[in-house]
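Before any comments, here is the structure.
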Amino acid sequence: MAKRIFDVLFALLCLVFFSSIILVFFIAATLSTGQNGMFTQVRVGQYGKIFTIYKIRSIKNIQPDIKVITPLGRFMRKYKVDELPQLFNIIVGDMSFVGPRPDLSGYYDKLEGPERELLKLKPGLTGPASLKYANEEEILANVPDPLWYNDTVIFPDKVRINMEYLKKRSLLYDFKIILCTIVGSKQNLNYF
């Protein structure tokens, strides 16, 4: 209950500070992509419940099967600006500030055994696995088969890290993860 109260109050506070930034980047994304600047996608949430995640659009559709990240999109992804609309997901209760990142169907919802316990957690805007893999796009861009590498190396490691978070989670630990996210540090979380 304390985590939920913190999530709502902190998300509202963040919206006070970031609403104008969200609006500016939404307009810029609309202009740079020629599409609605808000991107939505279905993700797997707590207990396997499906929800819609919000992001600022960073990809332009050149043709139906050709998509490119815009220069603005690269900037937003680097600084995680595209993730700011997820404050709304936190307020409505689909997400938390800290937890496993919400994934597409076919990953967390397919876990078995003790690892399935991760579905008890709300997906997070940040988390220890997010800190470790803050440069995940860069990692995947430098391997011959990104999907295979994600499925056999990165995702299993994220599961391991998130299982540790499940055991250690507390509001104080969440504060530590949020602070590490803000300062861009992944040290001292005892996962790396």
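Ligands are numbered from 1 in the order shown, chains are lettered A, B, ... in the order of the structure tokens, and residues start at 1 in each chain.
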
Please return, as number ranges by chain, all residues of range 17-53 of chain A that DSSP assigns to strand (DSSP E) on the basis of the backbone.
A: 38-44, 50-53

Within 8 Å of Leu104 in chain A using only C-alpha atoms, minus same-chain residues under 4 positions, as a count of residues only:
3

Write out as a PDB file with all heavy atoms, in the first residue's frame the residues lying within 12 Å of Ile50 in chain A, counting only C-alpha atoms and excluding same-chain residues fewer than 4 positions away.
ATOM      1  N   GLN A  41       1.370   0.708 -27.159  1.00  0.00           N
ATOM      2  CA  GLN A  41       1.647  -0.695 -27.458  1.00  0.00           C
ATOM      3  C   GLN A  41       1.115  -1.550 -26.324  1.00  0.00           C
ATOM      4  O   GLN A  41       1.145  -1.144 -25.157  1.00  0.00           O
ATOM      5  CB  GLN A  41       3.148  -0.903 -27.615  1.00  0.00           C
ATOM      6  CG  GLN A  41       3.524  -2.236 -28.207  1.00  0.00           C
ATOM      7  CD  GLN A  41       5.019  -2.326 -28.462  1.00  0.00           C
ATOM      8  OE1 GLN A  41       5.825  -2.066 -27.573  1.00  0.00           O
ATOM      9  NE2 GLN A  41       5.391  -2.693 -29.682  1.00  0.00           N
ATOM     10  N   VAL A  42       0.654  -2.735 -26.657  1.00  0.00           N
ATOM     11  CA  VAL A  42       0.139  -3.666 -25.654  1.00  0.00           C
ATOM     12  C   VAL A  42       1.321  -4.367 -24.985  1.00  0.00           C
ATOM     13  O   VAL A  42       2.221  -4.861 -25.661  1.00  0.00           O
ATOM     14  CB  VAL A  42      -0.825  -4.679 -26.308  1.00  0.00           C
ATOM     15  CG1 VAL A  42      -1.220  -5.770 -25.331  1.00  0.00           C
ATOM     16  CG2 VAL A  42      -2.055  -3.968 -26.845  1.00  0.00           C
ATOM     17  N   ARG A  43       1.305  -4.382 -23.655  1.00  0.00           N
ATOM     18  CA  ARG A  43       2.350  -5.046 -22.880  1.00  0.00           C
ATOM     19  C   ARG A  43       1.715  -5.943 -21.823  1.00  0.00           C
ATOM     20  O   ARG A  43       0.541  -5.818 -21.497  1.00  0.00           O
ATOM     21  CB  ARG A  43       3.240  -4.010 -22.177  1.00  0.00           C
ATOM     22  CG  ARG A  43       3.983  -3.074 -23.122  1.00  0.00           C
ATOM     23  CD  ARG A  43       5.109  -3.782 -23.844  1.00  0.00           C
ATOM     24  NE  ARG A  43       5.790  -2.935 -24.803  1.00  0.00           N
ATOM     25  CZ  ARG A  43       6.924  -2.288 -24.575  1.00  0.00           C
ATOM     26  NH1 ARG A  43       7.519  -2.384 -23.405  1.00  0.00           N
ATOM     27  NH2 ARG A  43       7.472  -1.544 -25.513  1.00  0.00           N
ATOM     28  N   VAL A  44       2.534  -6.827 -21.269  1.00  0.00           N
ATOM     29  CA  VAL A  44       2.084  -7.738 -20.209  1.00  0.00           C
ATOM     30  C   VAL A  44       2.367  -7.085 -18.867  1.00  0.00           C
ATOM     31  O   VAL A  44       3.489  -6.645 -18.601  1.00  0.00           O
ATOM     32  CB  VAL A  44       2.800  -9.098 -20.307  1.00  0.00           C
ATOM     33  CG1 VAL A  44       2.415  -9.991 -19.143  1.00  0.00           C
ATOM     34  CG2 VAL A  44       2.477  -9.771 -21.632  1.00  0.00           C
ATOM     35  N   GLY A  45       1.347  -7.010 -18.031  1.00  0.00           N
ATOM     36  CA  GLY A  45       1.476  -6.368 -16.732  1.00  0.00           C
ATOM     37  C   GLY A  45       1.407  -7.356 -15.578  1.00  0.00           C
ATOM     38  O   GLY A  45       1.638  -8.561 -15.736  1.00  0.00           O
ATOM     39  N   GLN A  46       1.071  -6.816 -14.421  1.00  0.00           N
ATOM     40  CA  GLN A  46       0.974  -7.614 -13.198  1.00  0.00           C
ATOM     41  C   GLN A  46      -0.056  -8.728 -13.373  1.00  0.00           C
ATOM     42  O   GLN A  46      -1.120  -8.525 -13.921  1.00  0.00           O
ATOM     43  CB  GLN A  46       0.580  -6.694 -12.038  1.00  0.00           C
ATOM     44  CG  GLN A  46       0.636  -7.346 -10.686  1.00  0.00           C
ATOM     45  CD  GLN A  46       0.293  -6.365  -9.580  1.00  0.00           C
ATOM     46  OE1 GLN A  46      -0.501  -5.450  -9.772  1.00  0.00           O
ATOM     47  NE2 GLN A  46       0.901  -6.538  -8.420  1.00  0.00           N
ATOM     48  N   ASP A  94      -1.301   0.691 -13.744  1.00  0.00           N
ATOM     49  CA  ASP A  94      -0.765  -0.367 -14.604  1.00  0.00           C
ATOM     50  C   ASP A  94       0.707  -0.634 -14.322  1.00  0.00           C
ATOM     51  O   ASP A  94       1.200  -1.726 -14.575  1.00  0.00           O
ATOM     52  CB  ASP A  94      -0.889   0.011 -16.086  1.00  0.00           C
ATOM     53  CG  ASP A  94      -2.327   0.052 -16.562  1.00  0.00           C
ATOM     54  OD1 ASP A  94      -3.143  -0.731 -16.042  1.00  0.00           O
ATOM     55  OD2 ASP A  94      -2.631   0.871 -17.451  1.00  0.00           O
ATOM     56  N   MET A  95       1.396   0.409 -13.851  1.00  0.00           N
ATOM     57  CA  MET A  95       2.839   0.307 -13.616  1.00  0.00           C
ATOM     58  C   MET A  95       3.188   0.904 -12.257  1.00  0.00           C
ATOM     59  O   MET A  95       2.371   1.541 -11.617  1.00  0.00           O
ATOM     60  CB  MET A  95       3.615   1.054 -14.719  1.00  0.00           C
ATOM     61  CG  MET A  95       3.542   0.415 -16.084  1.00  0.00           C
ATOM     62  SD  MET A  95       4.384   1.379 -17.373  1.00  0.00           S
ATOM     63  CE  MET A  95       6.086   1.367 -16.797  1.00  0.00           C
ATOM     64  N   PRO A 102       7.988  -3.515 -18.480  1.00  0.00           N
ATOM     65  CA  PRO A 102       6.892  -4.255 -19.126  1.00  0.00           C
ATOM     66  C   PRO A 102       7.334  -4.761 -20.497  1.00  0.00           C
ATOM     67  O   PRO A 102       7.917  -4.019 -21.271  1.00  0.00           O
ATOM     68  CB  PRO A 102       5.787  -3.203 -19.251  1.00  0.00           C
ATOM     69  CG  PRO A 102       6.478  -1.886 -19.178  1.00  0.00           C
ATOM     70  CD  PRO A 102       7.715  -2.092 -18.356  1.00  0.00           C
ATOM     71  N   ASP A 103       7.088  -6.011 -20.740  1.00  0.00           N
ATOM     72  CA  ASP A 103       7.555  -6.620 -21.981  1.00  0.00           C
ATOM     73  C   ASP A 103       6.377  -7.007 -22.857  1.00  0.00           C
ATOM     74  O   ASP A 103       5.227  -7.049 -22.416  1.00  0.00           O
ATOM     75  CB  ASP A 103       8.403  -7.856 -21.681  1.00  0.00           C
ATOM     76  CG  ASP A 103       9.632  -7.952 -22.567  1.00  0.00           C
ATOM     77  OD1 ASP A 103       9.552  -7.549 -23.742  1.00  0.00           O
ATOM     78  OD2 ASP A 103      10.664  -8.429 -22.091  1.00  0.00           O
ATOM     79  N   LEU A 104       6.699  -7.314 -24.091  1.00  0.00           N
ATOM     80  CA  LEU A 104       5.708  -7.818 -25.024  1.00  0.00           C
ATOM     81  C   LEU A 104       5.286  -9.223 -24.595  1.00  0.00           C
ATOM     82  O   LEU A 104       6.007  -9.914 -23.868  1.00  0.00           O
ATOM     83  CB  LEU A 104       6.301  -7.890 -26.437  1.00  0.00           C
ATOM     84  CG  LEU A 104       6.750  -6.559 -27.041  1.00  0.00           C
ATOM     85  CD1 LEU A 104       7.558  -6.805 -28.317  1.00  0.00           C
ATOM     86  CD2 LEU A 104       5.557  -5.670 -27.330  1.00  0.00           C
ATOM     87  N   SER A 105       4.161  -9.653 -25.072  1.00  0.00           N
ATOM     88  CA  SER A 105       3.714 -11.014 -24.815  1.00  0.00           C
ATOM     89  C   SER A 105       4.745 -11.998 -25.377  1.00  0.00           C
ATOM     90  O   SER A 105       5.359 -11.748 -26.401  1.00  0.00           O
ATOM     91  CB  SER A 105       2.358 -11.231 -25.489  1.00  0.00           C
ATOM     92  OG  SER A 105       1.882 -12.510 -25.208  1.00  0.00           O
ATOM     93  N   GLY A 106       4.933 -13.095 -24.659  1.00  0.00           N
ATOM     94  CA  GLY A 106       5.885 -14.110 -25.106  1.00  0.00           C
ATOM     95  C   GLY A 106       7.139 -14.160 -24.254  1.00  0.00           C
ATOM     96  O   GLY A 106       8.023 -14.972 -24.506  1.00  0.00           O
ATOM     97  N   TYR A 108       7.654 -12.557 -20.146  1.00  0.00           N
ATOM     98  CA  TYR A 108       7.312 -12.792 -18.741  1.00  0.00           C
ATOM     99  C   TYR A 108       6.077 -13.667 -18.589  1.00  0.00           C
ATOM    100  O   TYR A 108       5.999 -14.477 -17.657  1.00  0.00           O
ATOM    101  CB  TYR A 108       7.109 -11.457 -18.008  1.00  0.00           C
ATOM    102  CG  TYR A 108       8.414 -10.769 -17.693  1.00  0.00           C
ATOM    103  CD1 TYR A 108       8.858  -9.690 -18.450  1.00  0.00           C
ATOM    104  CD2 TYR A 108       9.219 -11.219 -16.655  1.00  0.00           C
ATOM    105  CE1 TYR A 108      10.069  -9.071 -18.174  1.00  0.00           C
ATOM    106  CE2 TYR A 108      10.435 -10.607 -16.379  1.00  0.00           C
ATOM    107  CZ  TYR A 108      10.851  -9.534 -17.135  1.00  0.00           C
ATOM    108  OH  TYR A 108      12.048  -8.933 -16.863  1.00  0.00           O
ATOM    109  N   ASP A 109       5.135 -13.546 -19.488  1.00  0.00           N
ATOM    110  CA  ASP A 109       3.919 -14.346 -19.390  1.00  0.00           C
ATOM    111  C   ASP A 109       4.163 -15.818 -19.710  1.00  0.00           C
ATOM    112  O   ASP A 109       3.323 -16.662 -19.443  1.00  0.00           O
ATOM    113  CB  ASP A 109       2.808 -13.779 -20.278  1.00  0.00           C
ATOM    114  CG  ASP A 109       3.225 -13.619 -21.731  1.00  0.00           C
ATOM    115  OD1 ASP A 109       4.415 -13.381 -21.999  1.00  0.00           O
ATOM    116  OD2 ASP A 109       2.346 -13.724 -22.611  1.00  0.00           O
ATOM    117  N   LEU A 119       5.442 -12.268 -12.160  1.00  0.00           N
ATOM    118  CA  LEU A 119       4.179 -11.680 -12.596  1.00  0.00           C
ATOM    119  C   LEU A 119       3.399 -11.058 -11.433  1.00  0.00           C
ATOM    120  O   LEU A 119       2.433 -10.333 -11.655  1.00  0.00           O
ATOM    121  CB  LEU A 119       3.319 -12.714 -13.316  1.00  0.00           C
ATOM    122  CG  LEU A 119       3.796 -13.097 -14.715  1.00  0.00           C
ATOM    123  CD1 LEU A 119       2.941 -14.223 -15.288  1.00  0.00           C
ATOM    124  CD2 LEU A 119       3.804 -11.905 -15.646  1.00  0.00           C
ATOM    125  N   LYS A 122       4.283  -5.349 -10.306  1.00  0.00           N
ATOM    126  CA  LYS A 122       3.863  -4.421 -11.357  1.00  0.00           C
ATOM    127  C   LYS A 122       5.083  -4.074 -12.185  1.00  0.00           C
ATOM    128  O   LYS A 122       6.182  -3.924 -11.642  1.00  0.00           O
ATOM    129  CB  LYS A 122       3.303  -3.137 -10.751  1.00  0.00           C
ATOM    130  CG  LYS A 122       1.876  -3.256 -10.315  1.00  0.00           C
ATOM    131  CD  LYS A 122       1.310  -1.917  -9.949  1.00  0.00           C
ATOM    132  CE  LYS A 122      -0.104  -2.125  -9.448  1.00  0.00           C
ATOM    133  NZ  LYS A 122      -0.732  -0.871  -9.084  1.00  0.00           N
ATOM    134  N   PRO A 123       4.917  -3.936 -13.481  1.00  0.00           N
ATOM    135  CA  PRO A 123       6.043  -3.483 -14.297  1.00  0.00           C
ATOM    136  C   PRO A 123       6.478  -2.096 -13.846  1.00  0.00           C
ATOM    137  O   PRO A 123       5.660  -1.319 -13.356  1.00  0.00           O
ATOM    138  CB  PRO A 123       5.465  -3.434 -15.712  1.00  0.00           C
ATOM    139  CG  PRO A 123       4.214  -4.224 -15.672  1.00  0.00           C
ATOM    140  CD  PRO A 123       3.708  -4.169 -14.277  1.00  0.00           C
TER     141      PRO A 123
END

Using the chain letters and numbers from this document, which residues of range 10-57 of chain A does DSSP assign to helix (DSSP H, G or I), as a PDB file with N, CA and C atoms, in the first residue's frame?
ATOM      1  N   PHE A  10       4.366  10.547  -6.283  1.00  0.00           N
ATOM      2  CA  PHE A  10       5.597  10.896  -6.989  1.00  0.00           C
ATOM      3  C   PHE A  10       5.319  11.102  -8.487  1.00  0.00           C
ATOM      4  N   ALA A  11       4.421  10.289  -9.048  1.00  0.00           N
ATOM      5  CA  ALA A  11       4.064  10.451 -10.462  1.00  0.00           C
ATOM      6  C   ALA A  11       3.369  11.793 -10.687  1.00  0.00           C
ATOM      7  N   LEU A  12       2.480  12.171  -9.789  1.00  0.00           N
ATOM      8  CA  LEU A  12       1.805  13.473  -9.908  1.00  0.00           C
ATOM      9  C   LEU A  12       2.814  14.614  -9.800  1.00  0.00           C
ATOM     10  N   LEU A  13       3.747  14.498  -8.869  1.00  0.00           N
ATOM     11  CA  LEU A  13       4.787  15.512  -8.712  1.00  0.00           C
ATOM     12  C   LEU A  13       5.638  15.602  -9.978  1.00  0.00           C
ATOM     13  N   CYS A  14       6.009  14.449 -10.524  1.00  0.00           N
ATOM     14  CA  CYS A  14       6.809  14.425 -11.755  1.00  0.00           C
ATOM     15  C   CYS A  14       6.048  15.057 -12.910  1.00  0.00           C
ATOM     16  N   LEU A  15       4.739  14.809 -12.967  1.00  0.00           N
ATOM     17  CA  LEU A  15       3.940  15.398 -14.048  1.00  0.00           C
ATOM     18  C   LEU A  15       3.911  16.925 -13.959  1.00  0.00           C
ATOM     19  N   VAL A  16       3.921  17.452 -12.740  1.00  0.00           N
ATOM     20  CA  VAL A  16       3.977  18.904 -12.574  1.00  0.00           C
ATOM     21  C   VAL A  16       5.236  19.445 -13.239  1.00  0.00           C
ATOM     22  N   PHE A  17       6.355  18.753 -13.040  1.00  0.00           N
ATOM     23  CA  PHE A  17       7.627  19.207 -13.597  1.00  0.00           C
ATOM     24  C   PHE A  17       7.802  18.861 -15.074  1.00  0.00           C
ATOM     25  N   PHE A  18       7.282  17.699 -15.485  1.00  0.00           N
ATOM     26  CA  PHE A  18       7.577  17.211 -16.829  1.00  0.00           C
ATOM     27  C   PHE A  18       6.449  17.375 -17.847  1.00  0.00           C
ATOM     28  N   SER A  19       5.285  17.856 -17.458  1.00  0.00           N
ATOM     29  CA  SER A  19       4.164  17.933 -18.406  1.00  0.00           C
ATOM     30  C   SER A  19       4.486  18.817 -19.600  1.00  0.00           C
ATOM     31  N   SER A  20       5.163  19.936 -19.379  1.00  0.00           N
ATOM     32  CA  SER A  20       5.497  20.807 -20.516  1.00  0.00           C
ATOM     33  C   SER A  20       6.534  20.135 -21.420  1.00  0.00           C
ATOM     34  N   ILE A  21       7.461  19.371 -20.828  1.00  0.00           N
ATOM     35  CA  ILE A  21       8.458  18.645 -21.621  1.00  0.00           C
ATOM     36  C   ILE A  21       7.776  17.560 -22.452  1.00  0.00           C
ATOM     37  N   ILE A  22       6.837  16.849 -21.839  1.00  0.00           N
ATOM     38  CA  ILE A  22       6.080  15.819 -22.569  1.00  0.00           C
ATOM     39  C   ILE A  22       5.343  16.454 -23.742  1.00  0.00           C
ATOM     40  N   LEU A  23       4.698  17.593 -23.505  1.00  0.00           N
ATOM     41  CA  LEU A  23       3.944  18.266 -24.553  1.00  0.00           C
ATOM     42  C   LEU A  23       4.853  18.716 -25.700  1.00  0.00           C
ATOM     43  N   VAL A  24       5.983  19.336 -25.369  1.00  0.00           N
ATOM     44  CA  VAL A  24       6.923  19.807 -26.399  1.00  0.00           C
ATOM     45  C   VAL A  24       7.438  18.640 -27.236  1.00  0.00           C
ATOM     46  N   PHE A  25       7.841  17.551 -26.582  1.00  0.00           N
ATOM     47  CA  PHE A  25       8.364  16.404 -27.327  1.00  0.00           C
ATOM     48  C   PHE A  25       7.261  15.674 -28.096  1.00  0.00           C
ATOM     49  N   PHE A  26       6.046  15.682 -27.561  1.00  0.00           N
ATOM     50  CA  PHE A  26       4.914  15.097 -28.283  1.00  0.00           C
ATOM     51  C   PHE A  26       4.698  15.843 -29.598  1.00  0.00           C
ATOM     52  N   ILE A  27       4.686  17.175 -29.529  1.00  0.00           N
ATOM     53  CA  ILE A  27       4.499  17.988 -30.742  1.00  0.00           C
ATOM     54  C   ILE A  27       5.666  17.773 -31.712  1.00  0.00           C
ATOM     55  N   ALA A  28       6.894  17.797 -31.184  1.00  0.00           N
ATOM     56  CA  ALA A  28       8.079  17.594 -32.034  1.00  0.00           C
ATOM     57  C   ALA A  28       8.053  16.210 -32.679  1.00  0.00           C
ATOM     58  N   ALA A  29       7.632  15.195 -31.941  1.00  0.00           N
ATOM     59  CA  ALA A  29       7.559  13.837 -32.485  1.00  0.00           C
ATOM     60  C   ALA A  29       6.484  13.739 -33.556  1.00  0.00           C
ATOM     61  N   THR A  30       5.369  14.424 -33.343  1.00  0.00           N
ATOM     62  CA  THR A  30       4.303  14.439 -34.350  1.00  0.00           C
ATOM     63  C   THR A  30       4.824  15.045 -35.644  1.00  0.00           C
ATOM     64  N   LEU A  31       5.555  16.143 -35.527  1.00  0.00           N
ATOM     65  CA  LEU A  31       6.099  16.807 -36.714  1.00  0.00           C
ATOM     66  C   LEU A  31       7.202  15.979 -37.381  1.00  0.00           C
ATOM     67  N   SER A  32       8.075  15.366 -36.585  1.00  0.00           N
ATOM     68  CA  SER A  32       9.212  14.646 -37.176  1.00  0.00           C
ATOM     69  C   SER A  32       8.836  13.287 -37.758  1.00  0.00           C
ATOM     70  N   THR A  33       7.752  12.696 -37.279  1.00  0.00           N
ATOM     71  CA  THR A  33       7.352  11.382 -37.794  1.00  0.00           C
ATOM     72  C   THR A  33       6.175  11.453 -38.754  1.00  0.00           C
ATOM     73  N   GLN A  46       1.071  -6.816 -14.421  1.00  0.00           N
ATOM     74  CA  GLN A  46       0.974  -7.614 -13.198  1.00  0.00           C
ATOM     75  C   GLN A  46      -0.056  -8.728 -13.373  1.00  0.00           C
ATOM     76  N   TYR A  47       0.299  -9.912 -12.901  1.00  0.00           N
ATOM     77  CA  TYR A  47      -0.529 -11.120 -12.992  1.00  0.00           C
ATOM     78  C   TYR A  47      -0.833 -11.511 -14.446  1.00  0.00           C
ATOM     79  N   GLY A  48      -0.025 -11.030 -15.386  1.00  0.00           N
ATOM     80  CA  GLY A  48      -0.210 -11.359 -16.782  1.00  0.00           C
ATOM     81  C   GLY A  48      -1.284 -10.537 -17.473  1.00  0.00           C
TER      82      GLY A  48
END

Tell me which of A:Val8, A:Ile178, A:Ala2, A:Ile161 sits closest to Lys132 in chain A, counting only C-alpha atoms.
A:Ile161

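One finds CA of Ile56 in chain A at 4.7 Å from CA of Met38 in chain A.
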
If we count only C-alpha atoms, what is near range 164-174 of chain A at a cut-off of 12 Å, once residues fewer than 6 positions away on the same chain are taken out, given as a VMD selection string?
chain A and resid 1 to 7 96 to 100 114 to 130 157 to 158 180 to 181 188 to 192

As an exercise, work out the distance from CA of Gly34 in chain A to CA of Lys55 in chain A in Å and give it to one decimal place.
15.8 Å

With distances taken over only C-alpha atoms, which of A:Leu9, A:Ala141, A:Val183, A:Ile53 is nearest to Pro85 in chain A?
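Looking at the shortest contact to Pro85 in chain A, the residue is A:Ile53.
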
Would you compute the distance between CA of Phe39 in chain A and CA of Pro64 in chain A? Give it in Å to one decimal.
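Interatomic distance here is 16.1 Å.
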